[in-house]
file data00.cif (mmCIF, C-alpha atoms)
data_final
#
loop_
_atom_site.group_PDB
_atom_site.id
_atom_site.type_symbol
_atom_site.label_atom_id
_atom_site.label_comp_id
_atom_site.auth_asym_id
_atom_site.auth_seq_id
_atom_site.Cartn_x
_atom_site.Cartn_y
_atom_site.Cartn_z
ATOM 1 C CA MET A 1 0.000 0.000 0.000
ATOM 2 C CA ARG A 2 1.264 3.438 -0.954
ATOM 3 C CA ILE A 3 0.467 6.364 1.374
ATOM 4 C CA ASP A 4 1.226 9.979 0.412
ATOM 5 C CA LEU A 5 1.190 12.846 2.911
ATOM 6 C CA PHE A 6 0.613 16.498 2.061
ATOM 7 C CA VAL A 7 1.855 19.008 4.654
ATOM 8 C CA ILE A 8 0.714 22.467 3.639
ATOM 9 C CA ASP A 9 2.894 25.433 4.664
ATOM 10 C CA GLY A 10 4.495 23.996 7.791
ATOM 11 C CA GLN A 11 6.622 27.122 8.142
ATOM 12 C CA ASN A 12 7.771 29.391 10.957
ATOM 13 C CA ASP A 13 5.479 32.293 10.118
ATOM 14 C CA PHE A 14 2.448 30.031 10.589
ATOM 15 C CA CYS A 15 3.633 27.536 13.214
ATOM 16 C CA ASP A 16 5.861 29.550 15.545
ATOM 17 C CA ASN A 17 4.122 31.877 17.999
ATOM 18 C CA ASN A 18 6.543 34.608 16.924
ATOM 19 C CA GLY A 19 5.538 34.154 13.297
ATOM 20 C CA ALA A 20 4.138 37.022 11.250
ATOM 21 C CA LEU A 21 0.881 35.158 10.611
ATOM 22 C CA TYR A 22 0.837 32.706 13.499
ATOM 23 C CA VAL A 23 -2.013 30.205 13.398
ATOM 24 C CA ASP A 24 -3.139 29.466 16.944
ATOM 25 C CA GLN A 25 -2.342 25.826 17.846
ATOM 26 C CA ALA A 26 -0.325 25.243 14.644
ATOM 27 C CA GLY A 27 2.882 24.535 16.601
ATOM 28 C CA GLU A 28 1.183 21.852 18.663
ATOM 29 C CA GLU A 29 -0.461 20.463 15.542
ATOM 30 C CA ALA A 30 2.897 20.327 13.752
ATOM 31 C CA GLN A 31 4.101 18.164 16.634
ATOM 32 C CA ASN A 32 1.068 15.919 16.073
ATOM 33 C CA VAL A 33 2.082 15.460 12.437
ATOM 34 C CA ALA A 34 5.711 14.757 13.360
ATOM 35 C CA ASN A 35 4.645 12.207 15.971
ATOM 36 C CA MET A 36 2.476 10.424 13.423
ATOM 37 C CA ILE A 37 5.234 10.320 10.812
ATOM 38 C CA ASP A 38 7.708 8.957 13.355
ATOM 39 C CA ARG A 39 5.200 6.354 14.523
ATOM 40 C CA LEU A 40 4.468 5.118 11.025
ATOM 41 C CA VAL A 41 8.091 4.911 9.889
ATOM 42 C CA ASN A 42 9.272 3.135 13.039
ATOM 43 C CA PRO A 43 10.738 -0.193 11.766
ATOM 44 C CA LYS A 44 9.402 -1.925 14.894
ATOM 45 C CA SER A 45 5.850 -0.847 14.078
ATOM 46 C CA GLN A 46 3.511 -3.109 12.138
ATOM 47 C CA PHE A 47 2.994 -0.074 9.903
ATOM 48 C CA GLY A 48 6.733 0.528 9.380
ATOM 49 C CA HIS A 49 7.626 2.828 6.444
ATOM 50 C CA LYS A 50 3.964 3.279 5.581
ATOM 51 C CA ILE A 51 4.285 6.924 4.495
ATOM 52 C CA ASN A 52 5.845 6.512 1.093
ATOM 53 C CA LYS A 53 5.996 10.134 -0.064
ATOM 54 C CA ILE A 54 5.755 13.553 1.587
ATOM 55 C CA HIS A 55 4.643 16.577 -0.456
ATOM 56 C CA ALA A 56 5.513 19.704 1.551
ATOM 57 C CA THR A 57 4.427 23.113 0.297
ATOM 58 C CA LEU A 58 6.271 26.366 0.958
ATOM 59 C CA ASP A 59 4.432 29.682 0.899
ATOM 60 C CA SER A 60 6.905 32.144 -0.634
ATOM 61 C CA HIS A 61 6.322 35.880 -0.968
ATOM 62 C CA HIS A 62 8.126 39.085 -1.815
ATOM 63 C CA TYR A 63 7.915 41.789 0.834
ATOM 64 C CA LEU A 64 5.931 44.018 -1.532
ATOM 65 C CA ASP A 65 3.129 41.663 -2.515
ATOM 66 C CA GLY A 66 -0.259 42.637 -3.903
ATOM 67 C CA ALA A 67 -1.980 40.803 -1.057
ATOM 68 C CA HIS A 68 0.090 42.342 1.773
ATOM 69 C CA ASN A 69 -1.547 45.118 3.739
ATOM 70 C CA ILE A 70 1.519 47.367 3.410
ATOM 71 C CA SER A 71 0.885 47.449 -0.351
ATOM 72 C CA TRP A 72 -2.448 49.213 0.162
ATOM 73 C CA LYS A 73 -3.581 52.400 1.845
ATOM 74 C CA ASN A 74 -6.897 53.677 3.073
ATOM 75 C CA GLY A 75 -8.194 56.142 0.496
ATOM 76 C CA ASP A 76 -9.483 58.523 3.181
ATOM 77 C CA THR A 77 -6.608 58.530 5.653
ATOM 78 C CA GLY A 78 -3.685 57.585 3.429
ATOM 79 C CA LYS A 79 -2.520 55.156 6.116
ATOM 80 C CA PRO A 80 -1.674 51.494 5.368
ATOM 81 C CA ALA A 81 -4.716 49.231 5.280
ATOM 82 C CA ASP A 82 -5.241 47.016 8.296
ATOM 83 C CA PRO A 83 -4.393 43.298 8.095
ATOM 84 C CA PHE A 84 -7.429 41.112 7.291
ATOM 85 C CA THR A 85 -9.077 43.938 5.348
ATOM 86 C CA ILE A 86 -11.167 42.671 2.435
ATOM 87 C CA VAL A 87 -10.874 44.838 -0.685
ATOM 88 C CA SER A 88 -13.732 44.429 -3.144
ATOM 89 C CA HIS A 89 -13.725 45.457 -6.790
ATOM 90 C CA GLN A 90 -16.104 48.288 -5.909
ATOM 91 C CA ASP A 91 -13.710 49.422 -3.165
ATOM 92 C CA VAL A 92 -11.030 49.832 -5.814
ATOM 93 C CA VAL A 93 -13.340 51.594 -8.267
ATOM 94 C CA ASP A 94 -14.432 54.006 -5.537
ATOM 95 C CA GLN A 95 -10.823 54.263 -4.275
ATOM 96 C CA ARG A 96 -11.795 53.411 -0.710
ATOM 97 C CA PHE A 97 -8.588 51.385 -0.788
ATOM 98 C CA VAL A 98 -5.748 52.345 -3.102
ATOM 99 C CA PRO A 99 -2.603 50.377 -4.029
ATOM 100 C CA SER A 100 0.482 52.141 -2.703
ATOM 101 C CA PHE A 101 2.872 50.790 -5.334
ATOM 102 C CA SER A 102 3.463 52.636 -8.597
ATOM 103 C CA MET A 103 2.770 49.916 -11.153
ATOM 104 C CA GLY A 104 1.398 46.433 -11.635
ATOM 105 C CA VAL A 105 1.633 43.551 -14.089
ATOM 106 C CA TRP A 106 -1.422 42.096 -15.775
ATOM 107 C CA GLU A 107 -1.098 39.159 -18.191
ATOM 108 C CA GLY A 108 2.489 40.019 -18.987
ATOM 109 C CA GLN A 109 1.939 43.739 -19.482
ATOM 110 C CA VAL A 110 3.113 46.535 -17.190
ATOM 111 C CA VAL A 111 0.077 48.608 -16.211
ATOM 112 C CA THR A 112 -0.737 51.253 -13.637
ATOM 113 C CA ALA A 113 -1.293 49.974 -10.120
ATOM 114 C CA LEU A 114 -4.924 51.071 -10.254
ATOM 115 C CA GLU A 115 -5.551 49.226 -13.521
ATOM 116 C CA TRP A 116 -4.004 46.064 -12.081
ATOM 117 C CA ALA A 117 -6.120 46.403 -8.943
ATOM 118 C CA LYS A 118 -9.331 46.821 -10.932
ATOM 119 C CA ASN A 119 -8.562 43.874 -13.200
ATOM 120 C CA TYR A 120 -7.439 41.643 -10.356
ATOM 121 C CA THR A 121 -10.308 42.257 -7.949
ATOM 122 C CA LYS A 122 -12.839 41.779 -10.754
ATOM 123 C CA ALA A 123 -11.188 38.512 -11.777
ATOM 124 C CA LEU A 124 -11.266 37.301 -8.163
ATOM 125 C CA GLU A 125 -14.961 38.039 -7.874
ATOM 126 C CA ASP A 126 -15.725 36.515 -11.286
ATOM 127 C CA ASN A 127 -14.037 33.214 -10.448
ATOM 128 C CA GLY A 128 -15.859 32.963 -7.122
ATOM 129 C CA ARG A 129 -12.894 31.810 -5.035
ATOM 130 C CA ASN A 130 -11.931 34.587 -2.659
ATOM 131 C CA GLN A 131 -12.134 38.336 -2.498
ATOM 132 C CA LEU A 132 -8.834 40.106 -1.964
ATOM 133 C CA ARG A 133 -7.909 39.798 1.711
ATOM 134 C CA LEU A 134 -4.867 41.727 2.918
ATOM 135 C CA TRP A 135 -2.327 39.929 5.113
ATOM 136 C CA PRO A 136 0.660 41.147 7.089
ATOM 137 C CA PRO A 137 3.894 40.480 5.176
ATOM 138 C CA HIS A 138 4.748 36.817 5.733
ATOM 139 C CA CYS A 139 6.861 33.969 4.406
ATOM 140 C CA LYS A 140 9.233 36.437 2.790
ATOM 141 C CA ILE A 141 11.577 34.605 0.460
ATOM 142 C CA GLY A 142 14.827 33.731 2.238
ATOM 143 C CA ASP A 143 13.726 34.967 5.661
ATOM 144 C CA TRP A 144 13.261 33.022 8.894
ATOM 145 C CA GLY A 145 9.499 33.064 8.503
ATOM 146 C CA GLN A 146 9.640 31.148 5.223
ATOM 147 C CA GLN A 147 11.765 28.384 6.708
ATOM 148 C CA VAL A 148 10.299 25.034 7.690
ATOM 149 C CA TYR A 149 9.194 24.839 11.321
ATOM 150 C CA PRO A 150 12.024 22.991 13.169
ATOM 151 C CA ILE A 151 9.796 20.222 14.564
ATOM 152 C CA LEU A 152 8.780 19.320 11.014
ATOM 153 C CA SER A 153 12.216 19.911 9.522
ATOM 154 C CA GLU A 154 13.862 17.464 11.938
ATOM 155 C CA CYS A 155 11.063 14.956 11.405
ATOM 156 C CA TYR A 156 11.517 15.166 7.625
ATOM 157 C CA LYS A 157 15.205 14.366 8.072
ATOM 158 C CA ARG A 158 14.339 11.262 10.115
ATOM 159 C CA TRP A 159 11.814 10.188 7.494
ATOM 160 C CA CYS A 160 14.390 10.623 4.698
ATOM 161 C CA VAL A 161 16.909 8.471 6.560
ATOM 162 C CA ALA A 162 14.334 5.805 7.419
ATOM 163 C CA THR A 163 12.890 5.558 3.906
ATOM 164 C CA ASN A 164 15.867 6.600 1.774
ATOM 165 C CA GLY A 165 13.470 9.121 0.227
ATOM 166 C CA TRP A 166 13.266 12.802 -0.659
ATOM 167 C CA ILE A 167 10.718 15.415 0.289
ATOM 168 C CA ASN A 168 8.744 16.733 -2.696
ATOM 169 C CA TRP A 169 8.971 20.481 -2.064
ATOM 170 C CA VAL A 170 6.257 22.535 -3.775
ATOM 171 C CA THR A 171 6.640 26.325 -3.700
ATOM 172 C CA LYS A 172 3.842 28.814 -4.278
ATOM 173 C CA GLY A 173 3.216 32.546 -4.046
ATOM 174 C CA GLN A 174 6.334 33.937 -5.697
ATOM 175 C CA TRP A 175 4.382 35.947 -8.294
ATOM 176 C CA ALA A 176 3.418 39.094 -6.413
ATOM 177 C CA TRP A 177 0.405 39.938 -8.578
ATOM 178 C CA THR A 178 -1.915 37.136 -7.551
ATOM 179 C CA GLU A 179 -2.765 35.364 -4.317
ATOM 180 C CA HIS A 180 -1.692 31.729 -4.311
ATOM 181 C CA TYR A 181 -3.425 29.978 -1.430
ATOM 182 C CA SER A 182 -3.515 26.714 -3.355
ATOM 183 C CA ALA A 183 -0.340 24.851 -4.223
ATOM 184 C CA ILE A 184 -2.188 23.576 -7.308
ATOM 185 C CA ILE A 185 -3.135 26.862 -9.015
ATOM 186 C CA ALA A 186 -3.117 30.592 -8.253
ATOM 187 C CA ASP A 187 -6.369 32.410 -7.525
ATOM 188 C CA VAL A 188 -5.930 34.310 -10.818
ATOM 189 C CA PRO A 189 -3.496 32.408 -13.054
ATOM 190 C CA ASP A 190 -1.378 34.564 -15.353
ATOM 191 C CA PRO A 191 -1.061 32.986 -18.823
ATOM 192 C CA THR A 192 2.504 34.317 -19.067
ATOM 193 C CA ARG A 193 3.652 32.891 -15.704
ATOM 194 C CA PRO A 194 3.884 29.078 -15.523
ATOM 195 C CA GLU A 195 4.269 29.128 -11.720
ATOM 196 C CA THR A 196 0.708 30.478 -11.405
ATOM 197 C CA GLN A 197 -0.877 27.864 -13.651
ATOM 198 C CA LEU A 198 -2.228 24.395 -12.907
ATOM 199 C CA ASN A 199 0.330 22.117 -11.237
ATOM 200 C CA ALA A 200 -1.306 18.885 -12.378
ATOM 201 C CA GLY A 201 1.883 16.891 -11.905
ATOM 202 C CA VAL A 202 1.827 16.762 -8.113
ATOM 203 C CA VAL A 203 -1.867 15.820 -8.079
ATOM 204 C CA ASN A 204 -1.538 13.103 -10.702
ATOM 205 C CA ASP A 205 1.426 11.698 -8.807
ATOM 206 C CA ALA A 206 -0.493 11.580 -5.524
ATOM 207 C CA ALA A 207 -3.484 10.031 -7.296
ATOM 208 C CA ASN A 208 -1.402 6.858 -7.666
ATOM 209 C CA ALA A 209 -1.366 6.425 -3.884
ATOM 210 C CA ASP A 210 -3.815 4.197 -2.045
ATOM 211 C CA MET A 211 -4.277 6.807 0.688
ATOM 212 C CA ILE A 212 -3.702 10.573 0.482
ATOM 213 C CA LEU A 213 -3.200 12.294 3.843
ATOM 214 C CA TRP A 214 -3.773 16.025 4.386
ATOM 215 C CA ALA A 215 -2.444 18.302 7.126
ATOM 216 C CA GLY A 216 -1.417 21.927 7.172
ATOM 217 C CA TRP A 217 -2.095 25.559 7.860
ATOM 218 C CA ALA A 218 -4.224 27.345 7.634
ATOM 219 C CA GLY A 219 -7.194 24.995 7.433
ATOM 220 C CA ASN A 220 -9.430 27.768 6.126
ATOM 221 C CA PHE A 221 -7.114 28.978 3.357
ATOM 222 C CA CYS A 222 -4.017 27.217 2.007
ATOM 223 C CA LEU A 223 -4.886 23.671 3.079
ATOM 224 C CA LYS A 224 -8.495 24.198 2.050
ATOM 225 C CA TRP A 225 -7.768 25.456 -1.445
ATOM 226 C CA THR A 226 -4.923 23.036 -2.179
ATOM 227 C CA ALA A 227 -7.092 20.068 -1.256
ATOM 228 C CA LYS A 228 -10.186 21.414 -3.030
ATOM 229 C CA ASP A 229 -8.259 22.062 -6.245
ATOM 230 C CA ALA A 230 -6.715 18.591 -6.132
ATOM 231 C CA VAL A 231 -10.076 16.930 -5.510
ATOM 232 C CA ASP A 232 -11.846 19.004 -8.174
ATOM 233 C CA MET A 233 -9.431 17.798 -10.858
ATOM 234 C CA PHE A 234 -11.289 14.475 -10.773
ATOM 235 C CA GLY A 235 -14.845 15.750 -11.085
ATOM 236 C CA GLU A 236 -17.999 15.298 -9.047
ATOM 237 C CA LYS A 237 -19.004 11.746 -9.967
ATOM 238 C CA ASP A 238 -17.136 8.645 -8.710
ATOM 239 C CA ASN A 239 -14.235 10.753 -7.440
ATOM 240 C CA GLU A 240 -11.744 8.169 -6.209
ATOM 241 C CA PHE A 241 -9.217 10.842 -5.252
ATOM 242 C CA VAL A 242 -11.433 12.310 -2.530
ATOM 243 C CA LYS A 243 -12.458 8.845 -1.339
ATOM 244 C CA LYS A 244 -8.769 8.052 -0.782
ATOM 245 C CA SER A 245 -8.186 11.353 1.050
ATOM 246 C CA VAL A 246 -7.780 11.555 4.834
ATOM 247 C CA PHE A 247 -8.003 14.893 6.680
ATOM 248 C CA PHE A 248 -6.585 15.288 10.182
ATOM 249 C CA THR A 249 -8.825 17.433 12.334
ATOM 250 C CA ASP A 250 -5.986 17.887 14.847
ATOM 251 C CA ALA A 251 -3.642 19.251 12.163
ATOM 252 C CA CYS A 252 -5.573 21.907 10.252
ATOM 253 C CA ALA A 253 -6.151 24.861 12.585
ATOM 254 C CA PRO A 254 -7.607 28.004 10.973
ATOM 255 C CA VAL A 255 -5.994 31.411 10.831
ATOM 256 C CA THR A 256 -7.947 33.772 13.063
ATOM 257 C CA SER A 257 -8.389 37.491 13.589
ATOM 258 C CA PRO A 258 -8.526 39.602 16.765
ATOM 259 C CA ASP A 259 -11.832 40.955 15.451
ATOM 260 C CA PRO A 260 -14.620 38.625 16.692
ATOM 261 C CA ASP A 261 -16.890 39.401 13.722
ATOM 262 C CA ILE A 262 -14.166 38.538 11.219
ATOM 263 C CA ASN A 263 -13.202 35.548 13.328
ATOM 264 C CA LYS A 264 -16.667 34.029 13.143
ATOM 265 C CA ASP A 265 -16.431 33.882 9.345
ATOM 266 C CA LEU A 266 -12.872 32.527 9.439
ATOM 267 C CA LEU A 267 -13.821 29.647 11.738
ATOM 268 C CA LYS A 268 -16.846 28.831 9.598
ATOM 269 C CA MET A 269 -14.679 28.643 6.466
ATOM 270 C CA ARG A 270 -12.624 25.825 7.971
ATOM 271 C CA GLN A 271 -15.643 23.892 9.201
ATOM 272 C CA ASP A 272 -17.453 24.263 5.878
ATOM 273 C CA PHE A 273 -14.390 22.908 4.094
ATOM 274 C CA LEU A 274 -14.147 19.843 6.355
ATOM 275 C CA ASP A 275 -17.876 19.227 6.005
ATOM 276 C CA GLU A 276 -17.571 19.419 2.220
ATOM 277 C CA MET A 277 -14.751 16.880 2.141
ATOM 278 C CA ASP A 278 -16.668 14.612 4.510
ATOM 279 C CA ASN A 279 -19.795 14.797 2.341
ATOM 280 C CA LYS A 280 -17.767 13.965 -0.762
ATOM 281 C CA GLY A 281 -16.473 10.757 0.819
ATOM 282 C CA ALA A 282 -13.163 11.691 2.443
ATOM 283 C CA THR A 283 -12.164 10.353 5.864
ATOM 284 C CA LEU A 284 -11.876 12.725 8.832
ATOM 285 C CA THR A 285 -9.775 11.467 11.722
ATOM 286 C CA THR A 286 -6.872 12.514 13.960
ATOM 287 C CA THR A 287 -3.146 11.900 13.729
ATOM 288 C CA THR A 288 -3.286 9.745 16.879
ATOM 289 C CA GLN A 289 -6.175 7.586 15.657
ATOM 290 C CA PHE A 290 -4.876 7.032 12.127
ATOM 291 C CA LEU A 291 -3.623 3.458 11.563
ATOM 292 C CA THR A 292 -3.625 2.464 15.214
#
call {"tool": "encode", "arguments": {"input": "data00.cif", "output": "structure tokens"}}
result
Amino acid sequence: MRIDLFVIDGQNDFCDNNGALYVDQAGEEAQNVANMIDRLVNPKSQFGHKINKIHATLDSHHYLDGAHNISWKNGDTGKPADPFTIVSHQDVVDQRFVPSFSMGVWEGQVVTALEWAKNYTKALEDNGRNQLRLWPPHCKIGDWGQQVYPILSECYKRWCVATNGWINWVTKGQWAWTEHYSAIIADVPDPTRPETQLNAGVVNDAANADMILWAGWAGNFCLKWTAKDAVDMFGEKDNEFVKKSVFFTDACAPVTSPDPDINKDLLKMRQDFLDEMDNKGATLTTTTQFLT
């Protein structure tokens, strides 16, 4: 039996409580994932070496990113927009929120920042995935926050030694002009940028496994959209991919906001995602219950 494990964005900025976009409980949940990997690759276990491949994604951003709050300012005050602000297409048209950078790139062409913002927010709303939500700068390429959380990094080393294998690293988010929650495809793919387009290879590879395990952060954004995009590649009817998928409820904490009204929606997004996967035939369990 082949078992593949996806670990979405197990990085310092999400898992360490000093991280720029710390997900509450993600550090403890990363330990849950590491404990499970160690348990299943223990040669003395009846399940020894059962995780055959690990696909680990790495969120990777430039400091000045179109989805970072420092790249936008309030049109009335001129001050940087607050983290977690949602910017609608109408907000851009009415200039309630204004990009603070001088230019943008849209489908390979340099355009004004305002033109990019109008095109981008309309495309987001047309495709029905997410409106533009502004985040604090995080997972900056080459910085501490982008690095793999040490508990997972050390566990990956042990897994490599035990299995004589390699981690399949999957990077996402480098193109600053579109959000890239999913490791499978950007929210608005750019036809001139291959890194934003469909990464069918990793999904087709995992589809060969007998079981596909899912953990990662945050459960209401990057894990959610990576898993949904992978599942949706195989359609609605007789979807064997989702039936082989296992989601760990103790390893998919949601990102939250200090604002209780925003927080209510953020928590619901994670639960709705898990309910959707459950209804489609996936298995929901915990890292401690899996294969015991």
call {"tool": "resolve_selection", "arguments": {"input": "data00.cif", "expression": "the PyMOL selection byres ((chain A and resi 167) around 7)", "output": "number ranges by chain"}}
result
A: 54-56, 165-166, 168-169
call {"tool": "residues_near_point", "arguments": {"input": "data00.cif", "point": "(2.1, 19.2, -4.1)", "cutoff": "7 Å", "atoms": "all atoms listed in the file", "output": "number ranges by chain"}}
result
A: 6, 55-57, 170, 183-184, 202-203
call {"tool": "write_last_selection", "arguments": {"input": "data00.cif", "atoms": "C-alpha atoms", "output": "PDB file, keeping the file's coordinate frame"}}
result
ATOM      1  CA  PHE A   6       0.613  16.498   2.061  1.00  0.00           C
ATOM      2  CA  HIS A  55       4.643  16.577  -0.456  1.00  0.00           C
ATOM      3  CA  ALA A  56       5.513  19.704   1.551  1.00  0.00           C
ATOM      4  CA  THR A  57       4.427  23.113   0.297  1.00  0.00           C
ATOM      5  CA  VAL A 170       6.257  22.535  -3.775  1.00  0.00           C
ATOM      6  CA  ALA A 183      -0.340  24.851  -4.223  1.00  0.00           C
ATOM      7  CA  ILE A 184      -2.188  23.576  -7.308  1.00  0.00           C
ATOM      8  CA  VAL A 202       1.827  16.762  -8.113  1.00  0.00           C
ATOM      9  CA  VAL A 203      -1.867  15.820  -8.079  1.00  0.00           C
TER      10      VAL A 203
END
call {"tool": "atom_distance", "arguments": {"input": "data00.cif", "atom1": "CA of Met269 (chain A)", "atom2": "CA of Asn220 (chain A)"}}
result
5.3 Å
call {"tool": "atom_distance", "arguments": {"input": "data00.cif", "atom1": "CA of Val242 (chain A)", "atom2": "CA of Ala207 (chain A)"}}
result
9.5 Å
call {"tool": "resolve_selection", "arguments": {"input": "data00.cif", "expression": "the PyMOL selection byres ((chain A and resi 10) around 7)", "output": "list in words"}}
result
Val7, Ile8, Asp9, Gln11, Phe14, Cys15, Val148, Tyr149, Gly216 and Trp217 of chain A
call {"tool": "closest_residue", "arguments": {"input": "data00.cif", "among": "A:Asp16, A:Asp94, A:Asp265, A:Asp190", "to": "Trp106 (chain A)", "atoms": "only C-alpha atoms"}}
result
A:Asp190
call {"tool": "resolve_selection", "arguments": {"input": "data00.cif", "expression": "the PyMOL selection byres ((chain A and resi 113) around 10)", "output": "PyMOL selection string"}}
result
chain A and resi 66+98-106+110-112+114-119
call {"tool": "atom_distance", "arguments": {"input": "data00.cif", "atom1": "CA of Thr288 (chain A)", "atom2": "CA of Gln271 (chain A)"}}
result
20.3 Å
call {"tool": "closest_residue", "arguments": {"input": "data00.cif", "among": "A:Ile3, A:Val246, A:Val255, A:Val188", "to": "Asp24 (chain A)", "atoms": "all atoms listed in the file"}}
result
A:Val255
call {"tool": "closest_residue", "arguments": {"input": "data00.cif", "among": "A:Lys157, A:Thr85, A:Gln95, A:Gln90", "to": "Leu132 (chain A)", "atoms": "all atoms listed in the file"}}
result
A:Thr85
call {"tool": "residues_around", "arguments": {"input": "data00.cif", "residues": "Pro258 (chain A)", "least_positions_apart": "2", "cutoff": "12 Å", "atoms": "all atoms listed in the file", "output": "PDB file with C-alpha atoms, in the frame of the given file"}}
result
ATOM      1  CA  VAL A  23      -2.013  30.205  13.398  1.00  0.00           C
ATOM      2  CA  ASP A  24      -3.139  29.466  16.944  1.00  0.00           C
ATOM      3  CA  ASP A  82      -5.241  47.016   8.296  1.00  0.00           C
ATOM      4  CA  PRO A  83      -4.393  43.298   8.095  1.00  0.00           C
ATOM      5  CA  PHE A  84      -7.429  41.112   7.291  1.00  0.00           C
ATOM      6  CA  VAL A 255      -5.994  31.411  10.831  1.00  0.00           C
ATOM      7  CA  THR A 256      -7.947  33.772  13.063  1.00  0.00           C
ATOM      8  CA  PRO A 260     -14.620  38.625  16.692  1.00  0.00           C
ATOM      9  CA  ASP A 261     -16.890  39.401  13.722  1.00  0.00           C
ATOM     10  CA  ILE A 262     -14.166  38.538  11.219  1.00  0.00           C
ATOM     11  CA  ASN A 263     -13.202  35.548  13.328  1.00  0.00           C
ATOM     12  CA  LYS A 264     -16.667  34.029  13.143  1.00  0.00           C
ATOM     13  CA  LEU A 266     -12.872  32.527   9.439  1.00  0.00           C
TER      14      LEU A 266
END
call {"tool": "closest_residue", "arguments": {"input": "data00.cif", "among": "A:Ala215, A:Ala282, A:Leu274, A:Val231", "to": "Phe248 (chain A)", "atoms": "all atoms listed in the file"}}
result
A:Ala215
call {"tool": "closest_residue", "arguments": {"input": "data00.cif", "among": "A:Trp225, A:Tyr156, A:Trp135, A:Phe290", "to": "Ile70 (chain A)", "atoms": "all atoms listed in the file"}}
result
A:Trp135
call {"tool": "closest_residue", "arguments": {"input": "data00.cif", "among": "A:Trp72, A:Tyr22, A:Phe273, A:Tyr120", "to": "Gly219 (chain A)", "atoms": "all atoms listed in the file"}}
result
A:Phe273
call {"tool": "residues_near_point", "arguments": {"input": "data00.cif", "point": "(-8.7, 7.8, 7.5)", "cutoff": "9 Å", "atoms": "all atoms listed in the file", "output": "JSON, numbers by chain"}}
result
{"A": [211, 213, 244, 245, 246, 247, 248, 282, 283, 284, 285, 286, 289, 290, 291]}
call {"tool": "residues_around", "arguments": {"input": "data00.cif", "residues": "His62 (chain A)", "least_positions_apart": "2", "cutoff": "8 Å", "atoms": "all atoms listed in the file", "output": "list in words"}}
result
Ser60, Leu64, Asp65, Lys140, Ile141, Gln174 and Ala176 of chain A
call {"tool": "residues_around", "arguments": {"input": "data00.cif", "residues": "Leu198 (chain A)", "least_positions_apart": "3", "cutoff": "9 Å", "atoms": "only C-alpha atoms", "output": "PyMOL selection string"}}
result
chain A and resi 183-186+189+194-195+201
